[in-house]
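The structure file start-v3.csv is reproduced below (CSV, C-alpha atoms).
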```
chain,number,residue,atom,x,y,z
Q,1,MET,CA,156.1,2.1,65.8
Q,2,GLY,CA,152.6,3.0,67.1
Q,3,ILE,CA,150.9,-0.2,65.7
Q,4,LEU,CA,153.7,-2.4,67.1
Q,5,TRP,CA,153.6,-0.8,70.5
Q,6,SER,CA,149.8,-1.1,70.5
Q,7,ARG,CA,150.0,-4.9,69.8
Q,8,LEU,CA,152.7,-5.4,72.4
Q,9,LYS,CA,150.5,-3.5,74.9
Q,10,GLN,CA,147.5,-5.7,74.0
Q,11,ARG,CA,149.5,-8.9,74.4
Q,12,ARG,CA,150.7,-7.8,77.8
Q,13,GLU,CA,147.1,-6.9,78.8
Q,14,MET,CA,145.8,-10.3,77.5
Q,15,ARG,CA,148.4,-12.1,79.6
Q,16,LYS,CA,147.5,-10.0,82.7
Q,17,VAL,CA,143.8,-10.6,82.3
Q,18,LEU,CA,144.2,-14.2,81.5
Q,19,SER,CA,146.2,-14.8,84.6
Q,20,LYS,CA,143.6,-13.0,86.8
Q,21,VAL,CA,140.3,-13.8,85.0
Q,22,GLY,CA,141.1,-17.0,83.1
Q,23,PRO,CA,140.8,-19.3,86.2
Q,24,THR,CA,137.5,-17.7,87.2
Q,25,THR,CA,135.8,-18.2,83.8
Q,26,HIS,CA,134.3,-21.4,82.3
Q,27,PHE,CA,136.7,-21.2,79.4
Q,28,ALA,CA,139.7,-23.4,78.8
Q,29,LYS,CA,142.9,-21.3,78.2
Q,30,HIS,CA,142.7,-21.6,74.4
Q,31,GLU,CA,139.0,-20.5,74.4
Q,32,ALA,CA,139.7,-17.5,76.6
Q,33,GLU,CA,142.5,-16.5,74.3
Q,34,TYR,CA,140.2,-16.9,71.3
Q,35,TRP,CA,137.6,-14.5,72.9
Q,36,MET,CA,140.4,-12.1,73.8
Q,37,LYS,CA,141.6,-11.9,70.2
Q,38,ILE,CA,138.1,-11.3,69.0
Q,39,PHE,CA,137.7,-8.5,71.5
Q,40,TYR,CA,140.9,-6.8,70.5
Q,41,LYS,CA,140.2,-7.2,66.8
Q,42,ASP,CA,136.9,-5.3,67.3
Q,43,VAL,CA,138.1,-3.0,70.1
Q,44,PRO,CA,141.8,-2.2,69.6
Q,45,ASN,CA,141.9,0.3,72.4
Q,46,GLY,CA,140.5,-2.2,74.9
Q,47,LYS,CA,137.5,-0.2,76.0
Q,48,LEU,CA,134.1,-0.9,74.3
Q,49,SER,CA,131.8,2.1,74.7
Q,50,GLU,CA,128.1,1.9,74.9
Q,51,ALA,CA,127.7,3.6,71.5
Q,52,GLU,CA,130.1,1.1,69.9
Q,53,PHE,CA,128.2,-1.8,71.5
Q,54,VAL,CA,124.8,-0.5,70.4
Q,55,GLU,CA,126.1,-0.1,66.8
Q,56,TYR,CA,127.6,-3.6,66.7
Q,57,PHE,CA,124.4,-5.1,68.2
Q,58,GLY,CA,122.3,-3.2,65.6
Q,59,ASN,CA,124.4,-4.6,62.8
Q,60,PHE,CA,124.1,-8.1,64.2
Q,61,TYR,CA,120.3,-8.1,64.5
Q,62,THR,CA,118.3,-7.0,61.5
Q,63,ALA,CA,114.9,-8.4,62.3
Q,64,THR,CA,113.4,-5.4,64.1
Q,65,ASP,CA,113.3,-1.7,64.3
Q,66,ASP,CA,116.4,0.4,65.5
Q,67,ARG,CA,114.7,1.6,68.6
Q,68,SER,CA,114.0,-1.9,69.9
Q,69,LYS,CA,117.5,-3.0,69.1
Q,70,SER,CA,119.2,0.0,70.8
Q,71,THR,CA,117.0,-0.3,73.9
Q,72,LEU,CA,117.9,-4.0,74.3
Q,73,ALA,CA,121.6,-3.4,73.4
Q,74,ARG,CA,121.8,-0.7,76.1
Q,75,GLN,CA,120.5,-3.2,78.7
Q,76,ILE,CA,122.9,-5.9,77.6
Q,77,PHE,CA,125.8,-3.4,77.7
Q,78,LYS,CA,124.8,-2.5,81.2
Q,79,ALA,CA,124.9,-6.2,82.2
Q,80,PHE,CA,128.5,-6.5,80.7
Q,81,ASP,CA,129.7,-3.2,82.2
Q,82,ARG,CA,129.8,-4.5,85.8
Q,83,ASN,CA,131.6,-1.5,87.3
Q,84,ASN,CA,129.3,1.0,85.6
Q,85,ASN,CA,132.2,3.1,84.2
Q,86,GLY,CA,130.7,3.5,80.7
Q,87,HIS,CA,132.8,1.0,78.9
Q,88,VAL,CA,133.3,-2.8,78.8
Q,89,SER,CA,136.8,-3.8,79.4
Q,90,LEU,CA,138.4,-7.1,78.3
Q,91,ARG,CA,137.9,-8.5,81.8
Q,92,GLU,CA,134.2,-7.6,81.8
Q,93,TYR,CA,133.8,-9.0,78.3
Q,94,LEU,CA,135.4,-12.3,79.2
Q,95,MET,CA,133.4,-12.7,82.3
Q,96,GLY,CA,130.1,-11.8,80.5
Q,97,MET,CA,130.8,-14.2,77.6
Q,98,SER,CA,131.8,-16.9,80.0
Q,99,THR,CA,128.5,-16.5,81.9
Q,100,LEU,CA,126.4,-16.4,78.8
Q,101,LEU,CA,128.0,-19.3,77.0
Q,102,ARG,CA,129.1,-21.6,79.8
Q,103,GLY,CA,127.6,-20.3,83.0
Q,104,ASP,CA,125.4,-22.4,85.2
Q,105,ALA,CA,121.7,-21.5,85.7
Q,106,LEU,CA,122.4,-19.4,88.8
Q,107,GLU,CA,125.0,-17.3,87.0
Q,108,LYS,CA,122.8,-16.8,84.0
Q,109,LEU,CA,119.9,-15.7,86.2
Q,110,GLU,CA,122.1,-13.3,88.1
Q,111,TRP,CA,123.2,-11.8,84.8
Q,112,SER,CA,119.6,-11.7,83.6
Q,113,PHE,CA,118.5,-9.8,86.7
Q,114,ILE,CA,120.9,-7.0,85.6
Q,115,LEU,CA,119.4,-7.1,82.1
Q,116,PHE,CA,115.8,-6.9,83.5
Q,117,ASP,CA,116.5,-4.2,86.0
Q,118,LEU,CA,115.7,-1.4,83.6
Q,119,ASP,CA,116.2,1.6,85.9
Q,120,GLY,CA,119.1,0.1,87.9
Q,121,ASP,CA,117.3,0.4,91.2
Q,122,GLY,CA,117.9,-3.3,92.2
Q,123,LEU,CA,114.3,-4.3,91.5
Q,124,VAL,CA,112.5,-5.8,88.6
Q,125,SER,CA,108.9,-4.9,88.0
Q,126,LYS,CA,106.4,-6.8,85.9
Q,127,GLU,CA,106.6,-4.0,83.2
Q,128,ASP,CA,110.5,-4.4,83.2
Q,129,MET,CA,110.2,-8.1,82.7
Q,130,GLU,CA,107.5,-7.8,80.0
Q,131,GLY,CA,109.4,-5.1,78.2
Q,132,VAL,CA,112.7,-7.0,78.0
Q,133,LEU,CA,111.0,-10.2,76.9
Q,134,MET,CA,109.1,-8.4,74.2
Q,135,LEU,CA,112.2,-6.7,72.9
Q,136,TYR,CA,114.0,-10.1,72.9
Q,137,ASN,CA,111.1,-11.7,71.1
Q,138,ASP,CA,111.1,-9.0,68.4
Q,139,LEU,CA,114.8,-9.6,67.8
Q,140,ARG,CA,114.4,-13.3,67.2
Q,141,THR,CA,114.9,-13.9,63.5
Q,142,ASN,CA,113.3,-17.3,63.5
Q,143,LYS,CA,109.9,-16.8,65.3
Q,144,GLU,CA,109.1,-20.5,65.2
Q,145,GLY,CA,108.0,-21.4,68.6
Q,146,GLY,CA,107.9,-17.7,69.5
Q,147,LYS,CA,105.1,-16.0,71.3
Q,148,SER,CA,102.9,-13.2,70.3
Q,149,ASP,CA,103.0,-10.0,72.4
Q,150,GLU,CA,99.7,-11.0,74.0
Q,151,GLN,CA,100.9,-14.5,74.9
Q,152,LEU,CA,104.1,-13.1,76.4
Q,153,ALA,CA,102.1,-10.5,78.4
Q,154,ALA,CA,99.8,-13.3,79.7
Q,155,ILE,CA,102.7,-15.5,80.7
Q,156,VAL,CA,104.6,-12.7,82.5
Q,157,ASP,CA,101.4,-11.6,84.2
Q,158,GLN,CA,100.6,-15.1,85.6
Q,159,GLU,CA,104.2,-16.1,86.5
Q,160,PHE,CA,105.2,-12.7,88.0
Q,161,ASN,CA,102.1,-12.8,90.2
Q,162,LEU,CA,103.1,-16.3,91.4
Q,163,ILE,CA,106.6,-15.1,92.2
Q,164,ASP,CA,105.5,-11.8,93.8
Q,165,ARG,CA,103.6,-13.5,96.6
Q,166,ALA,CA,103.6,-10.3,98.7
Q,167,GLY,CA,102.1,-8.3,95.9
Q,168,LYS,CA,104.6,-5.5,96.0
Q,169,GLY,CA,104.9,-5.4,92.2
Q,170,ARG,CA,108.7,-5.5,92.2
Q,171,LEU,CA,111.2,-8.4,92.7
Q,172,GLY,CA,114.5,-8.2,94.4
Q,173,LYS,CA,117.4,-10.1,93.0
Q,174,ARG,CA,117.0,-13.2,95.3
Q,175,GLN,CA,113.2,-13.3,94.7
Q,176,PHE,CA,113.7,-12.9,90.9
Q,177,ILE,CA,116.3,-15.7,90.7
Q,178,GLU,CA,114.4,-18.1,92.9
Q,179,GLY,CA,111.1,-17.4,91.2
Q,180,VAL,CA,112.3,-17.5,87.6
Q,181,SER,CA,114.3,-20.7,88.3
Q,182,ARG,CA,111.1,-22.4,89.3
Q,183,SER,CA,109.1,-21.1,86.4
Q,184,PHE,CA,109.4,-23.3,83.3
Q,185,ARG,CA,107.2,-20.9,81.4
Q,186,LEU,CA,109.5,-18.0,82.0
Q,187,LEU,CA,112.7,-20.0,81.5
Q,188,ASP,CA,111.3,-21.0,78.1
Q,189,ILE,CA,111.1,-17.4,76.9
Q,190,MET,CA,114.1,-16.0,78.6
Q,191,PRO,CA,117.1,-14.8,76.5
Q,192,ILE,CA,119.4,-17.3,78.3
Q,193,ARG,CA,119.7,-21.0,77.8
```
Once you've parsed the file, please lay out its structure as structure tokens.
Amino acid sequence: MGILWSRLKQRREMRKVLSKVGPTTHFAKHEAEYWMKIFYKDVPNGKLSEAEFVEYFGNFYTATDDRSKSTLARQIFKAFDRNNNGHVSLREYLMGMSTLLRGDALEKLEWSFILFDLDGDGLVSKEDMEGVLMLYNDLRTNKEGGKSDEQLAAIVDQEFNLIDRAGKGRLGKRQFIEGVSRSFRLLDIMPIR
């Protein structure tokens, strides 16, 4: 009886989320349903914890050390967990996947800002940007066209200084989005496409 009740509850939740979130995503109904099924297959209770996310992420990427993977996974988790309650719900998962897979440049840059804001203070420093980009570069299994750490550091240093015209060493969300959107060199190495 427990399994049947659980599935019935999942379907009810899927319909509820689809009616509220579906129209606000970039997914067609059948695509949203597909992602919902994947979510519930991997997360039957409907709440993806940070530890589960980090473990899943670590299994997905094998090209780098565990510390780098878990650091980046925690930042990605934070970008998905929009209400900061310590777990990713079906709604947050759908919205995040929609942004990453189908979002426009502005949506992806807004999502990236959360990823790059390492301490959650609403600002991105040069060190934050460099750190995330180096972690992402380490995870890439196919390093063709990839940059060395020195090349990444040089690009971030030059481009960050162009964006940070006031020289404060930190970028707010608007400044980050406007600056990165004008920097082809940063867009080329960002973990969004």
Given the point (118.2, -8.2, 80.4) in the coordinates of this file, which residues lie within 10 Å, counting only C-alpha atoms, and how would they look as a VMD selection string?
chain Q and resid 72 to 79 109 111 to 118 128 to 129 131 to 133 135 to 136 190 to 192
Smallest atom-to-atom distance to Arg170 of chain Q: which of Q:Glu55, Q:Glu92, Q:Glu127, Q:Asp104, using all atoms listed in the file?
Q:Glu127
At what distance in Å, to one decimal, does atom CA of Glu50 of chain Q lie from atom CA of Gly86 of chain Q?
6.6 Å
Can you measure atom CA of Ile38 of chain Q to atom CA of Ile189 of chain Q for me? One decimal in Å is fine.
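Computing the Euclidean distance for atom CA of Ile38 of chain Q and atom CA of Ile189 of chain Q yields 28.8 Å.
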With a distance cut-off of 6 Å and all atoms listed in the file, select the neighbouring residues of segment 174-185 of chain Q, excluding the residue or stretch itself and same-chain residues fewer than 2 positions from it, and output the selection as a ChimeraX atom specification.
/Q:109,163,171-172,187-188
Which of Q:Glu110, Q:Glu52, Q:Glu159, Q:Asp66 sits closest to Leu139 of chain Q [using all atoms listed in the file]:
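Under the stated criterion, the closest residue is Q:Asp66.
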Identify which of the residues Q:Arg91, Q:Lys29, Q:Arg102, Q:Lys168 lies closest to Lys126 of chain Q, counting only C-alpha atoms when measuring atom-to-atom distances.
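Comparing Q:Arg91, Q:Lys29, Q:Arg102, Q:Lys168 against Lys126 of chain Q, the winner is Q:Lys168.
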So the first atom is atom CA of Leu106 of chain Q and the second is atom CA of Asp121 of chain Q; what is the distance between them in Å, to one decimal place?
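Computing the Euclidean distance for atom CA of Leu106 of chain Q and atom CA of Asp121 of chain Q yields 20.6 Å.
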Residue neighbourhood Glu130 of chain Q, 8 Å, all atoms listed in the file, exclusion window fewer than 6 positions, as a VMD selection string
chain Q and resid 152 to 153 156
Write out as number ranges by chain each polymer residue whose atoms come within 12 Å of Leu48 of chain Q, counting all atoms listed in the file; drop sequence neighbours fewer than 2 positions from it.
Q: 39-46, 50-56, 77-78, 80-81, 85-93
Expected file contents, prior selection, C-alpha atoms, as a short mmCIF file (atom, residue, chain, number, x, y, z; two decimals), in the coordinates of the input:
```
data_model
loop_
_atom_site.label_atom_id
_atom_site.label_comp_id
_atom_site.auth_asym_id
_atom_site.auth_seq_id
_atom_site.Cartn_x
_atom_site.Cartn_y
_atom_site.Cartn_z
CA PHE Q 39 137.70 -8.50 71.50
CA TYR Q 40 140.90 -6.80 70.50
CA LYS Q 41 140.20 -7.20 66.80
CA ASP Q 42 136.90 -5.30 67.30
CA VAL Q 43 138.10 -3.00 70.10
CA PRO Q 44 141.80 -2.20 69.60
CA ASN Q 45 141.90 0.30 72.40
CA GLY Q 46 140.50 -2.20 74.90
CA GLU Q 50 128.10 1.90 74.90
CA ALA Q 51 127.70 3.60 71.50
CA GLU Q 52 130.10 1.10 69.90
CA PHE Q 53 128.20 -1.80 71.50
CA VAL Q 54 124.80 -0.50 70.40
CA GLU Q 55 126.10 -0.10 66.80
CA TYR Q 56 127.60 -3.60 66.70
CA PHE Q 77 125.80 -3.40 77.70
CA LYS Q 78 124.80 -2.50 81.20
CA PHE Q 80 128.50 -6.50 80.70
CA ASP Q 81 129.70 -3.20 82.20
CA ASN Q 85 132.20 3.10 84.20
CA GLY Q 86 130.70 3.50 80.70
CA HIS Q 87 132.80 1.00 78.90
CA VAL Q 88 133.30 -2.80 78.80
CA SER Q 89 136.80 -3.80 79.40
CA LEU Q 90 138.40 -7.10 78.30
CA ARG Q 91 137.90 -8.50 81.80
CA GLU Q 92 134.20 -7.60 81.80
CA TYR Q 93 133.80 -9.00 78.30
#
```
Name the closest residue to Thr99 of chain Q among the candidates Q:Phe160, Q:Phe57, Q:Tyr34, Q:Phe27; distances are taken between atoms, counting only C-alpha atoms.
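Using only C-alpha atoms, Thr99 of chain Q sits closest to Q:Phe27.
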Can you tell me which residues surround Ser148 of chain Q at a distance of at most 10 Å, considering all atoms listed in the file, apart from same-chain residues fewer than 4 positions away, and format the answer as a compact mmCIF listing (two decimals) with C-alpha atoms, keeping the file's coordinate frame?
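Saved file selection15.txt follows:
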```
# COMPACT_ATOMS: atom_id res chain seq x y z
CA MET Q 134 109.10 -8.40 74.20
CA ASN Q 137 111.10 -11.70 71.10
CA ASP Q 138 111.10 -9.00 68.40
CA LYS Q 143 109.90 -16.80 65.30
CA LEU Q 152 104.10 -13.10 76.40
CA ALA Q 153 102.10 -10.50 78.40
CA ALA Q 154 99.80 -13.30 79.70
```
